[in-house]
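What follows is a set of notes on a single structure, which appears directly below.
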Amino acid sequence: MFIKGSRWVIIVGLLGLLTPHLACAKPWKVLRRQSGIVISQREEPSRDLPSFKGVGDVQANMYEIWAILRDGARRKEWMSKSGKTMLLKRKSVFEAISYQQTLAPFPVSDREVIMHTQVYLRRDPQEIIATFNGEKWTQPVPGVDRSDFVWMPYLKGYWRLTPKGPNTTEVTYMVNTDPGGLLPNFLIRRITRDVPYWTLMGLRKQVKRSVGRYNKFLKLYDPSLSQGSPKSTPPEPPASVLKQID
């Protein structure tokens with residue numbers, strides 16, 4: 001039936017509102033499955049470069065993994081392509097600003113970024129979510145004087161730690177980045193797509209090396225070691241964060 005007048009205008013307007021929402025609903029495309037880790041890629045409507053995500057089980061509880069993630073000084077021991085990490089400002093146990101180097105294969109220049117991290121505790125379902133985003137920073141970074149670093153203009157991602165058993169956690173690592181410089185997009189995709197896989201493989205090894213290292217921290221924040229009364233708990237994630245991970 002042909003629709004006339006104002007009703008047609010209203011319908012067209014509603015479709016216009018729905019179109020951007022539908023455009024954002026890009027599916028994840030699986031690139032590889034190896035060693036119990038699934039690597040996926042998703043095109044982002046507002047970005048030239050895709051997001052990459054790795055999901056795999058790690059044999060530790062989520063509080064042990066959280067302790068490893070917050071230990072920036074040791075991050076280069078296990079995180080793929082990670083260079084020097086320095087804490088610049090800790091706003092709380094659950095929020096910090098840090099300096100992070102990312103190492104690149106020769107002859108590509110190494111990258112650097114200021115990163116804002118925030119930890120959340122979701123109650124239902126129970127999981128820890130740690131978001132990280134590139135941050136503007138105008139102050140000098142102590143101990144960094146190399147002039148051949150390239151600043152990364154964009155960084156966004158998260159860690160998601162979901163318990164799967166008494167000593168097993170499903171770990172999700174997602175990242176979307178623009179490393180800056182003059183690298184072509186096809187090369188950036190090639191360099192970035194395997195980072196989640198090697199990062200999760202490195203985390204598995206780091207868990208084994210870190211047994212007993214974070215006992216003091218765990219006794220304060222892991223409910224199973226603090227008689228159910230941790231010193232404090234991370235805030236609940238806002239809707240904007242849940243939309244990012246779900």
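Each chain in the structure tokens gets a letter, A, B, ..., in the order shown, and its residues are numbered from 1; ligands are numbered from 1 in order too.
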Original post:
Please, which residues of region 21-192 of chain A, numbered as in this document, come out strand (DSSP E) from DSSP, as a VMD selection string?
Top reply: chain A and resid 29 to 34 37 to 42 51 to 58 82 to 92 95 to 102 111 to 123 126 to 134 150 to 151 154 to 165 168 to 178
Could you produce a table of the residues of region 145-225 of chain A lying within 10 Å of region 26-42 of chain A, with the nearest pair of atoms per residue and their separation in Å rounded to one decimal, using only C-alpha atoms, ordered by chain and increasing residue number, as CSV?
```
residue,atom,partner,partner_atom,distance
A:Glu170,CA,A:Ile37,CA,10.0
A:Val171,CA,A:Ile37,CA,9.5
A:Thr172,CA,A:Val38,CA,9.5
A:Tyr173,CA,A:Ile39,CA,9.6
A:Met174,CA,A:Ser40,CA,9.2
A:Val175,CA,A:Gln41,CA,9.9
A:Asn176,CA,A:Arg42,CA,9.5
A:Arg189,CA,A:Gln41,CA,9.8
A:Arg193,CA,A:Gln41,CA,7.7
A:Asp194,CA,A:Ile39,CA,7.9
A:Val195,CA,A:Ile39,CA,9.5
A:Pro196,CA,A:Ile39,CA,7.1
A:Tyr197,CA,A:Ile39,CA,6.6
A:Trp198,CA,A:Ile37,CA,9.8
A:Leu200,CA,A:Ile37,CA,7.9
A:Met201,CA,A:Ser35,CA,8.5
```
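Between CA of Val55 (chain A) and CA of Lys164 (chain A) lies a distance of 12.8 Å.
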Original post:
What's the 8 Å shell around region 63-79 of chain A, counting only C-alpha atoms, without same-chain residues fewer than 4 positions away, as a PyMOL selection string?
Top reply: chain A and resi 83-87+128+161+198-200+202-203+205-207+210+214+217-218+221-222
Original post:
Mind pulling up the distance from CA of Ser80 (chain A) to CA of Leu103 (chain A)?
Top reply: 8.8 Å
Original post:
If you run DSSP on this backbone, which residues of region 21-178 of chain A come out as helix (DSSP H, G or I), and could you give them as an MDAnalysis selection string?
Top reply: chainID A and resid 21:24 62:69 72:77
Can I get the selection written as an mmCIF file, in the first residue's frame, with N, CA and C atoms?
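Output (again.cif):
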```cif
data_model
loop_
_atom_site.group_PDB
_atom_site.id
_atom_site.type_symbol
_atom_site.label_atom_id
_atom_site.label_comp_id
_atom_site.auth_asym_id
_atom_site.auth_seq_id
_atom_site.Cartn_x
_atom_site.Cartn_y
_atom_site.Cartn_z
ATOM 1 N N HIS A 21 22.773 2.430 14.007
ATOM 2 C CA HIS A 21 22.881 1.372 14.999
ATOM 3 C C HIS A 21 23.218 0.042 14.337
ATOM 4 N N LEU A 22 22.523 -0.254 13.239
ATOM 5 C CA LEU A 22 22.787 -1.507 12.544
ATOM 6 C C LEU A 22 24.186 -1.529 11.949
ATOM 7 N N ALA A 23 24.675 -0.372 11.528
ATOM 8 C CA ALA A 23 26.010 -0.311 10.933
ATOM 9 C C ALA A 23 27.090 -0.648 11.950
ATOM 10 N N CYS A 24 26.791 -0.433 13.245
ATOM 11 C CA CYS A 24 27.786 -0.703 14.281
ATOM 12 C C CYS A 24 27.873 -2.181 14.631
ATOM 13 N N MET A 62 40.953 -15.463 38.501
ATOM 14 C CA MET A 62 40.981 -14.159 37.838
ATOM 15 C C MET A 62 41.724 -13.110 38.654
ATOM 16 N N TYR A 63 41.820 -13.272 39.969
ATOM 17 C CA TYR A 63 42.547 -12.300 40.782
ATOM 18 C C TYR A 63 44.055 -12.442 40.588
ATOM 19 N N GLU A 64 44.529 -13.676 40.412
ATOM 20 C CA GLU A 64 45.950 -13.874 40.113
ATOM 21 C C GLU A 64 46.318 -13.220 38.779
ATOM 22 N N ILE A 65 45.439 -13.377 37.792
ATOM 23 C CA ILE A 65 45.709 -12.780 36.476
ATOM 24 C C ILE A 65 45.655 -11.258 36.563
ATOM 25 N N TRP A 66 44.706 -10.733 37.316
ATOM 26 C CA TRP A 66 44.635 -9.283 37.528
ATOM 27 C C TRP A 66 45.935 -8.765 38.133
ATOM 28 N N ALA A 67 46.487 -9.491 39.097
ATOM 29 C CA ALA A 67 47.741 -9.072 39.730
ATOM 30 C C ALA A 67 48.873 -9.001 38.707
ATOM 31 N N ILE A 68 48.900 -9.948 37.781
ATOM 32 C CA ILE A 68 49.934 -9.946 36.742
ATOM 33 C C ILE A 68 49.730 -8.756 35.796
ATOM 34 N N LEU A 69 48.489 -8.507 35.407
ATOM 35 C CA LEU A 69 48.201 -7.420 34.463
ATOM 36 C C LEU A 69 48.602 -6.058 35.022
ATOM 37 N N GLY A 72 53.094 -3.535 35.751
ATOM 38 C CA GLY A 72 53.645 -3.006 34.508
ATOM 39 C C GLY A 72 55.136 -3.226 34.349
ATOM 40 N N ALA A 73 55.873 -3.229 35.448
ATOM 41 C CA ALA A 73 57.324 -3.382 35.371
ATOM 42 C C ALA A 73 57.728 -4.725 34.778
ATOM 43 N N ARG A 74 56.872 -5.738 34.919
ATOM 44 C CA ARG A 74 57.178 -7.075 34.398
ATOM 45 C C ARG A 74 56.445 -7.396 33.094
ATOM 46 N N ARG A 75 55.724 -6.434 32.545
ATOM 47 C CA ARG A 75 54.889 -6.712 31.377
ATOM 48 C C ARG A 75 55.708 -7.172 30.180
ATOM 49 N N LYS A 76 56.895 -6.624 30.011
ATOM 50 C CA LYS A 76 57.704 -7.005 28.847
ATOM 51 C C LYS A 76 58.195 -8.439 28.932
ATOM 52 N N GLU A 77 58.081 -9.082 30.108
ATOM 53 C CA GLU A 77 58.486 -10.479 30.254
ATOM 54 C C GLU A 77 57.562 -11.420 29.486
#
```
**OP:** Skip Pro125 (chain A) itself and residues of its chain fewer than 2 positions away, then list as a list in words all residues within 12 Å of it, counting only C-alpha atoms.
**Re:** Leu121, Arg122, Arg123, Glu127, Ile128, Ile129, Arg160, Leu161, Thr162, Pro163, Lys164, Glu236, Pro237 and Leu242 of chain A
Original post:
Pro107 (chain A): which residues within 12 Å, counting only C-alpha atoms, same-chain residues fewer than 3 positions away excluded, as a list in words?
Top reply: Leu103, Ala104, Asp110, Asp148 and Leu183 of chain A
Go ahead and write the selection's residues with C-alpha atoms as a PDB file, in the first residue's frame.
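And here's selection_3.pdb as it stands now:
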```pdb
ATOM      1  CA  LEU A 103      58.416  -2.770  19.895  1.00  0.00           C
ATOM      2  CA  ALA A 104      58.233  -3.110  16.126  1.00  0.00           C
ATOM      3  CA  ASP A 110      59.086   1.483  17.882  1.00  0.00           C
ATOM      4  CA  ASP A 148      62.962   7.844  17.089  1.00  0.00           C
ATOM      5  CA  LEU A 183      52.842   2.349   7.688  1.00  0.00           C
TER       6      LEU A 183
END
```
Original post:
Mind pulling up the distance from CA of Ala96 (chain A) to CA of Met115 (chain A)?
Top reply: 8.2 Å
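For the choices A:Val108, A:Ala130, A:Leu49, A:Val58, the atom-to-atom distance to Pro235 (chain A) is smallest for A:Ala130 when using only C-alpha atoms.
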